[in-house]
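Worksheet for the structure shown next.
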Amino acid sequence: MGSIGVPLVRTGKMMMRPQKMQVRVNQAGRLAWVLAAMWIAGRAYAQTTVTIEPPRGDVYANEPFTINVIVQNFTDCGQPEFPEIPNATIEKGAGGESTQTTIVNGRMRTTRTRTFEYRVTISQVGELVIAPVKIEVDGKRLGTRALRLDILPSDSQERFFVEIAGDVERAYVGQKVQLTLAIWIEPATFNGELISAGGMYSCLQRGELGPFAAPTVESAVQKSRVGRDGAKRTYYVFTSTNDYVAERAGPLAFPEIRVEASYPTKIVRDVFRELRVSAARTLRARASGPGVNVLPLPIDGRPANFSGAVGRFTVTASARPTQVRVGDPIELTVEVRGDGPLDTLPAPLLASDEHLSKSFRVPRETLTGETVGRVRRFKQTIRPISADVRDIPAIEYPYFDPFDGKYAIARTQPIALTVTGGESLEIAAPEVEAPGEPLEEIGYRGNETSIAALLRSVPPVSVSHVVAAVAGPPAAISAFWTIGALVKARRVARGARRARAATAARKRILAAGKLAPRDAAHEIMAALSGYLGDRTGQAAARFQGRSSVEFLRERRADSLAVDQLSRLIERCEALSFGGAAGADSAQLAHDAAELLSLLERESAL
Amino acid sequence: MRVSDDMKFVLLCAALTLMALSAAVLGADPAADEIQQRIHAGLNAFDAAVSAMREDPARAREHWQDALSDFLAVRNAGVRSAALEFNIGNTYARLGDIGRAVLHYRRAERINPRGRSLQINLDQARQQVTPRLAWPNGSAGLFGMMAWAERTTLWERVFIAGGLSLAGWAALAIGLRLRRSGATAAGLVCVVISLIVAGSAALDLRAAALEPPAVLVTGDQVLRGGRGDGYEPVIKERLGAGVEVYVIDTRGDWCEVRLSNDICGWLPGSALERVE
């Protein structure tokens, strides 16, 4: 726009207005186009799209290639319906989802993109048309365009293959065989020059190598071989060697081994002058070989104490200590050397050795053993069973010699011992197992597994616990006895008081009848409150005056007795605080005595 | 039914006594879920170690370390059971730490001396200890010589003494009250036996307090005539891990110990761990 405006400034004034108008029209038109393009782009940007992405580079038969189905700008999307392809296997890949958020003029817009990945391997050469992939997106059924591909014949077996070779053609079960895994890969070229071994090594991808370790780049050698087409081809060969022990008879095979390579089909030089793979094809190879036939071990001539060792072995033994008493433990060490598989070498069956078992107690447990350098070492604790034992006899280690094809026995040298009997004051002679206990039980016993037993926590015992156990019972018995005696004494005292309540009250009432009326009233009231106190085992003061009437009502005593008591107390109070004219002490005492008889029959007291 | 004040008082006394006894005897229950999970994990790790022992000893050792970590975590949570101490001893034995194996077997023996497997494993561990000295008895003194005392736990003796004391005094009280000579005699016998049993437990506790048993957990130690590396060795042989001693005195970083053959000397305190 700036380049347009510069010549306008140099024109005359008269011409200036129409030219400016023209420019403004042009500018407005261009602005409209830009806005329209932005609007269309924005609509397109906001619109839900489903596309199919073809594989990069050429597609070969029997080589997997990847097809992506991409859904953009959606809220909810189902699974694509990938069409059936004849003579092809389709694996669903991991795929993925991404979210992009943009803010334009304060408006936030979020775009979701989901990619569905399909790995397709087709065996047919020629044109392949993949029908549109249908998918349910935001309630609508959408589809991709059809995809047309040219499937080329594969030359992968010429470019990339895996071989396993053994150092023998025939082996026995249990025999150690040296196997070599070789990965052959034809180097790609760039401008007619071979890519380096390191570069091709980086093309090797994940795979399953079975018992082999991954070959290193240093193992690479360049070799030539005539291909199926008769042409001489150059390869890099990456190797890995491993010792292998066949566990079953039959042809040795490793069907689980497979290797993948991302083989470059297009190489470019980047801005740093470094070579970079811009397109690649996935090559897969399974291992062939090694052409070793594994034979079973023969039955004929197998020694009774043969434990399964296959190879050629020598065996030595040592013991410590060599001066012991009967029953003392001797640590017997048996060391096996040879070309067999040491790490899986079976232990000698010491308990089955008649010569050894005759003079020694030998545990029957299977020995673990340890590999120390080129030696397999087994340790066992044996005990002389009599003072007559003079040596540890030669220990036999039978094995199968695969080179001679027959069984052989390696033997140790006897070890001289000095065994003495008798008791020792200084050294304890423990009874490890009870008489008749099976030999298998010699050694450490297993764990306690009962959760209840493991959690049965026991607090420590202190002297106070012991004292409490001894002194507690007599103290408790004494306390209960004392309490019982006190209760009984209290009960007896209460019974005696209750028993003499009526007599004492009657005596006081009788005496009151001879007193002056005012004094007689005092004495009779005191006699009645004393009687009630004695009957109930409480203080007499509690029953002074009308409180005794309330007490009897609370106890729900006979109403006749309560009324009579109430009237008598009224009369006594009247005599005490009012005038005593016309009063008769004897009559008052008589009435009180009658009331006493009524109260004596009262069960509420 | 009306209950008198006296009866209420007696019942209250009885209830308080029962509550106090229950709290003292039972204690807190440590069976939390986490503890049970650690126990399961420890047992599983131990089993995994046994399985891996033949094929991969290094891996088996890792499993035993895991099992030990779990068992010790349970112990640190306050669980003190014979079975747990036995399992810890087993794990240490498999790891080759005979000193601590003997220590935990002894702790298990202190809680429950009648475990058959425990005795076998303790004997096995002791046979790997150098020098091999006569093994100490669990009890000391007159009562310690009695076989039954060695085969019973302290708690069992406390309960036996308490039960016999209760029965004896009750019989004595009834006999005296009712003038029954048979009950009185039976009561006296029970009380005397109760005193003997309690005396056995008290003597054991006293012996453990005066000379607490300990185990050498760090091997290759020299028993010296004084508390310092400058003192002459008492015996020529160096003491290996697992040697069982009694601690007579502790001064600073050194402990005066008595071996089971009554030879005394000094050892660094850091090399010892007490059984209790």
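The way I read the labels, and the way they are meant: chains A, B, ... in the order of the structure tokens, residue 1 as the first residue of every chain, and ligand 1 as the first ligand shown, with later ones counted on from there.
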If you count only C-alpha atoms, which residues fall within 7 Å of Ala561 of chain A, apart from same-chain ones fewer than 2 positions away, as a ChimeraX atom specification?
/A:558-559,563-565,595,598-599
Restricting the output to C-alpha atoms, write the selected residues as a PDB file, in the first residue's frame.
ATOM      1  CA  ASP A 558     -52.384 -46.574 106.867  1.00  0.00           C
ATOM      2  CA  SER A 559     -54.601 -43.453 106.733  1.00  0.00           C
ATOM      3  CA  ASP A 563     -55.002 -39.234 110.905  1.00  0.00           C
ATOM      4  CA  GLN A 564     -54.741 -40.346 114.498  1.00  0.00           C
ATOM      5  CA  LEU A 565     -51.100 -39.173 114.635  1.00  0.00           C
ATOM      6  CA  LEU A 595     -51.573 -44.868 118.260  1.00  0.00           C
ATOM      7  CA  LEU A 598     -51.423 -48.922 115.353  1.00  0.00           C
ATOM      8  CA  LEU A 599     -47.914 -47.869 114.263  1.00  0.00           C
TER       9      LEU A 599
END
Exercise: Glu396 of chain A partners within 8 Å, only C-alpha atoms, chain neighbours under 4 positions left out, as a VMD selection string:
chain A and resid 348 353 409 to 412
Compute the chain A side of the contact with chain B at 6 Å, counting only C-alpha atoms, and hand it back as a list of chain:residue names.
A:Thr368, A:Ile427, A:Ala428, A:Val432, A:Tyr444, A:Arg445, A:Asn447, A:Glu448, A:Leu454, A:Arg456, A:Ser457, A:Val458, A:Val466, A:Ala469, A:Val470, A:Pro473, A:Pro474
Could you write out that same residue set with C-alpha atoms as a CSV table (one decimal), in the first residue's frame?
chain,number,residue,atom,x,y,z
A,368,THR,CA,21.5,-73.0,46.3
A,427,ILE,CA,31.5,-76.2,74.6
A,428,ALA,CA,27.8,-77.0,74.7
A,432,VAL,CA,19.3,-79.8,67.3
A,444,TYR,CA,16.1,-72.9,60.1
A,445,ARG,CA,12.4,-73.2,60.5
A,447,ASN,CA,8.3,-67.9,59.8
A,448,GLU,CA,5.3,-67.6,62.0
A,454,LEU,CA,2.2,-61.8,65.4
A,456,ARG,CA,-0.2,-60.8,70.3
A,457,SER,CA,1.7,-58.1,72.1
A,458,VAL,CA,2.9,-58.9,75.6
A,466,VAL,CA,4.3,-60.0,91.0
A,469,ALA,CA,-0.5,-61.2,92.2
A,470,VAL,CA,0.6,-62.4,95.6
A,473,PRO,CA,-6.0,-61.7,96.7
A,474,PRO,CA,-5.5,-61.6,100.5
Exercise: Gly289 of chain A partners within 7 Å, only C-alpha atoms, chain neighbours under 4 positions left out, as a ChimeraX atom specification
/A:163-165,253
Could you write out, as a PyMOL selection string, all the residues of segment 229-415 of chain A that DSSP marks as alpha helix (DSSP H)?
chain A and resi 354-359
Serialized selection, N, CA and C atoms, as a PDB file, in the first residue's frame:
ATOM      1  N   GLU A 354      25.656 -92.434  49.180  1.00  0.00           N
ATOM      2  CA  GLU A 354      25.641 -93.466  50.239  1.00  0.00           C
ATOM      3  C   GLU A 354      26.892 -93.405  51.106  1.00  0.00           C
ATOM      4  N   HIS A 355      28.035 -93.181  50.484  1.00  0.00           N
ATOM      5  CA  HIS A 355      29.273 -93.151  51.260  1.00  0.00           C
ATOM      6  C   HIS A 355      29.262 -92.008  52.269  1.00  0.00           C
ATOM      7  N   LEU A 356      28.744 -90.889  51.843  1.00  0.00           N
ATOM      8  CA  LEU A 356      28.703 -89.714  52.732  1.00  0.00           C
ATOM      9  C   LEU A 356      27.643 -89.884  53.814  1.00  0.00           C
ATOM     10  N   SER A 357      26.461 -90.347  53.432  1.00  0.00           N
ATOM     11  CA  SER A 357      25.353 -90.482  54.389  1.00  0.00           C
ATOM     12  C   SER A 357      25.619 -91.548  55.437  1.00  0.00           C
ATOM     13  N   LYS A 358      26.508 -92.487  55.114  1.00  0.00           N
ATOM     14  CA  LYS A 358      26.803 -93.555  56.070  1.00  0.00           C
ATOM     15  C   LYS A 358      27.530 -93.004  57.302  1.00  0.00           C
ATOM     16  N   SER A 359      28.327 -91.988  57.121  1.00  0.00           N
ATOM     17  CA  SER A 359      29.133 -91.469  58.226  1.00  0.00           C
ATOM     18  C   SER A 359      28.698 -90.095  58.706  1.00  0.00           C
TER      19      SER A 359
END
Using only C-alpha atoms, which protein or nucleic acid residues come within 12 Å of segment 209-214 of chain B? Drop anything in the same chain fewer than 5 positions from it, and give the result as a PyMOL selection string.
(chain A and resi 461-463) or (chain B and resi 99-100+102-107+110+135-140+202-204+241-250+255-260+267+269-276)
Strand (DSSP E) residues, from DSSP on the backbone, in segment 256-356 of chain A, as a PyMOL selection string
chain A and resi 258-269+275-288+290-295+313-320+323-325+330-338
Write a file of the just-selected residues containing N, CA and C atoms, as a short mmCIF file (atom, residue, chain, number, x, y, z; two decimals), in the first residue's frame.
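Saved result, part.cif, follows:
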data_model
loop_
_atom_site.label_atom_id
_atom_site.label_comp_id
_atom_site.auth_asym_id
_atom_site.auth_seq_id
_atom_site.Cartn_x
_atom_site.Cartn_y
_atom_site.Cartn_z
N ARG A 258 11.90 -60.73 16.83
CA ARG A 258 11.56 -59.91 15.67
C ARG A 258 12.15 -58.52 15.88
N VAL A 259 12.59 -57.95 14.78
CA VAL A 259 13.25 -56.64 14.85
C VAL A 259 12.59 -55.74 13.81
N GLU A 260 12.51 -54.47 14.13
CA GLU A 260 11.97 -53.49 13.20
C GLU A 260 13.04 -52.47 12.85
N ALA A 261 12.94 -51.96 11.66
CA ALA A 261 13.84 -50.89 11.25
C ALA A 261 13.04 -49.81 10.55
N SER A 262 13.36 -48.58 10.84
CA SER A 262 12.75 -47.45 10.13
C SER A 262 13.72 -47.11 8.99
N TYR A 263 13.49 -47.77 7.87
CA TYR A 263 14.46 -47.72 6.78
C TYR A 263 14.28 -46.43 5.98
N PRO A 264 15.35 -45.64 5.83
CA PRO A 264 15.19 -44.34 5.15
C PRO A 264 14.95 -44.51 3.64
N THR A 265 13.96 -43.82 3.13
CA THR A 265 13.70 -43.83 1.70
C THR A 265 14.06 -42.49 1.06
N LYS A 266 14.17 -41.46 1.89
CA LYS A 266 14.56 -40.16 1.37
C LYS A 266 15.44 -39.47 2.41
N ILE A 267 16.60 -39.06 1.97
CA ILE A 267 17.56 -38.43 2.87
C ILE A 267 17.90 -37.05 2.32
N VAL A 268 17.91 -36.07 3.19
CA VAL A 268 18.24 -34.70 2.77
C VAL A 268 19.33 -34.17 3.69
N ARG A 269 19.95 -33.09 3.26
CA ARG A 269 20.96 -32.44 4.09
C ARG A 269 20.33 -31.18 4.67
N LEU A 275 23.00 -34.92 7.52
CA LEU A 275 22.03 -35.73 6.80
C LEU A 275 20.82 -36.00 7.69
N ARG A 276 19.66 -35.91 7.11
CA ARG A 276 18.44 -36.11 7.88
C ARG A 276 17.48 -36.94 7.06
N VAL A 277 16.82 -37.89 7.73
CA VAL A 277 15.85 -38.75 7.05
C VAL A 277 14.54 -37.98 6.94
N SER A 278 14.09 -37.77 5.73
CA SER A 278 12.83 -37.05 5.57
C SER A 278 11.68 -38.01 5.28
N ALA A 279 11.97 -39.23 4.85
CA ALA A 279 10.92 -40.23 4.66
C ALA A 279 11.52 -41.61 4.94
N ALA A 280 10.71 -42.49 5.54
CA ALA A 280 11.21 -43.81 5.89
C ALA A 280 10.11 -44.82 5.75
N ARG A 281 10.46 -46.06 5.62
CA ARG A 281 9.49 -47.15 5.60
C ARG A 281 9.83 -48.12 6.72
N THR A 282 8.80 -48.74 7.28
CA THR A 282 9.00 -49.66 8.40
C THR A 282 9.23 -51.07 7.87
N LEU A 283 10.40 -51.61 8.19
CA LEU A 283 10.72 -52.98 7.79
C LEU A 283 10.69 -53.87 9.02
N ARG A 284 10.11 -55.04 8.86
CA ARG A 284 10.07 -56.01 9.95
C ARG A 284 10.76 -57.28 9.52
N ALA A 285 11.47 -57.89 10.49
CA ALA A 285 12.15 -59.15 10.16
C ALA A 285 12.05 -60.10 11.33
N ARG A 286 11.84 -61.37 11.01
CA ARG A 286 11.84 -62.41 12.05
C ARG A 286 13.11 -63.24 11.91
N ALA A 287 13.53 -63.83 13.04
CA ALA A 287 14.81 -64.54 13.04
C ALA A 287 14.67 -65.89 12.35
N SER A 288 15.67 -66.26 11.59
CA SER A 288 15.72 -67.60 11.02
C SER A 288 16.90 -68.33 11.65
N PRO A 290 18.56 -71.34 14.41
CA PRO A 290 19.97 -71.49 14.04
C PRO A 290 20.30 -72.84 13.41
N GLY A 291 19.31 -73.68 13.18
CA GLY A 291 19.60 -74.96 12.58
C GLY A 291 20.31 -75.92 13.51
N VAL A 292 20.03 -75.80 14.80
CA VAL A 292 20.62 -76.72 15.79
C VAL A 292 19.55 -77.69 16.23
N ASN A 293 19.86 -78.98 16.18
CA ASN A 293 18.91 -79.99 16.63
C ASN A 293 19.27 -80.42 18.05
N VAL A 294 18.30 -80.34 18.95
CA VAL A 294 18.54 -80.66 20.35
C VAL A 294 18.05 -82.08 20.63
N LEU A 295 18.96 -82.90 21.19
CA LEU A 295 18.63 -84.30 21.46
C LEU A 295 18.35 -84.50 22.94
N PHE A 313 33.13 -81.48 33.42
CA PHE A 313 33.34 -80.83 34.72
C PHE A 313 34.44 -81.53 35.51
N THR A 314 35.06 -80.74 36.39
CA THR A 314 35.92 -81.28 37.45
C THR A 314 35.35 -80.75 38.76
N VAL A 315 35.60 -81.48 39.84
CA VAL A 315 35.02 -81.10 41.12
C VAL A 315 36.06 -81.23 42.23
N THR A 316 36.07 -80.26 43.13
CA THR A 316 36.97 -80.29 44.30
C THR A 316 36.13 -80.02 45.53
N ALA A 317 36.67 -80.42 46.70
CA ALA A 317 35.92 -80.22 47.95
C ALA A 317 36.87 -79.77 49.04
N SER A 318 36.34 -79.01 49.98
CA SER A 318 37.09 -78.61 51.17
C SER A 318 36.14 -78.62 52.34
N ALA A 319 36.72 -78.75 53.56
CA ALA A 319 35.87 -78.82 54.76
C ALA A 319 36.50 -77.97 55.86
N ARG A 320 35.64 -77.43 56.72
CA ARG A 320 36.12 -76.60 57.80
C ARG A 320 35.13 -76.68 58.96
N GLN A 323 38.83 -80.81 62.69
CA GLN A 323 38.93 -81.43 64.02
C GLN A 323 37.65 -81.09 64.77
N VAL A 324 36.80 -82.08 64.93
CA VAL A 324 35.48 -81.82 65.50
C VAL A 324 35.11 -82.93 66.48
N ARG A 325 34.02 -82.66 67.21
CA ARG A 325 33.43 -83.69 68.05
C ARG A 325 32.24 -84.30 67.31
N ILE A 330 30.21 -79.41 60.25
CA ILE A 330 31.36 -79.21 59.36
C ILE A 330 30.83 -78.56 58.09
N GLU A 331 31.43 -77.46 57.73
CA GLU A 331 30.99 -76.79 56.50
C GLU A 331 31.74 -77.42 55.32
N LEU A 332 31.01 -78.13 54.52
CA LEU A 332 31.59 -78.80 53.35
C LEU A 332 31.34 -77.93 52.12
N THR A 333 32.43 -77.58 51.43
CA THR A 333 32.32 -76.76 50.23
C THR A 333 32.71 -77.59 49.01
N VAL A 334 31.81 -77.67 48.06
CA VAL A 334 32.06 -78.42 46.82
C VAL A 334 32.11 -77.41 45.68
N GLU A 335 33.21 -77.42 44.94
CA GLU A 335 33.36 -76.47 43.83
C GLU A 335 33.42 -77.23 42.51
N VAL A 336 32.59 -76.78 41.56
CA VAL A 336 32.51 -77.44 40.25
C VAL A 336 33.05 -76.48 39.19
N ARG A 337 33.96 -76.98 38.39
CA ARG A 337 34.51 -76.18 37.28
C ARG A 337 34.22 -76.92 35.98
N GLY A 338 34.05 -76.17 34.90
CA GLY A 338 33.83 -76.84 33.63
C GLY A 338 33.24 -75.91 32.60
#
Determine, counting only C-alpha atoms, which protein, DNA and RNA residues have an atom within 12 Å of an atom of Lys236 of chain B; residues of the same chain fewer than 6 positions away are not included. Present the result as a VMD selection string.
chain B and resid 131 220 to 225
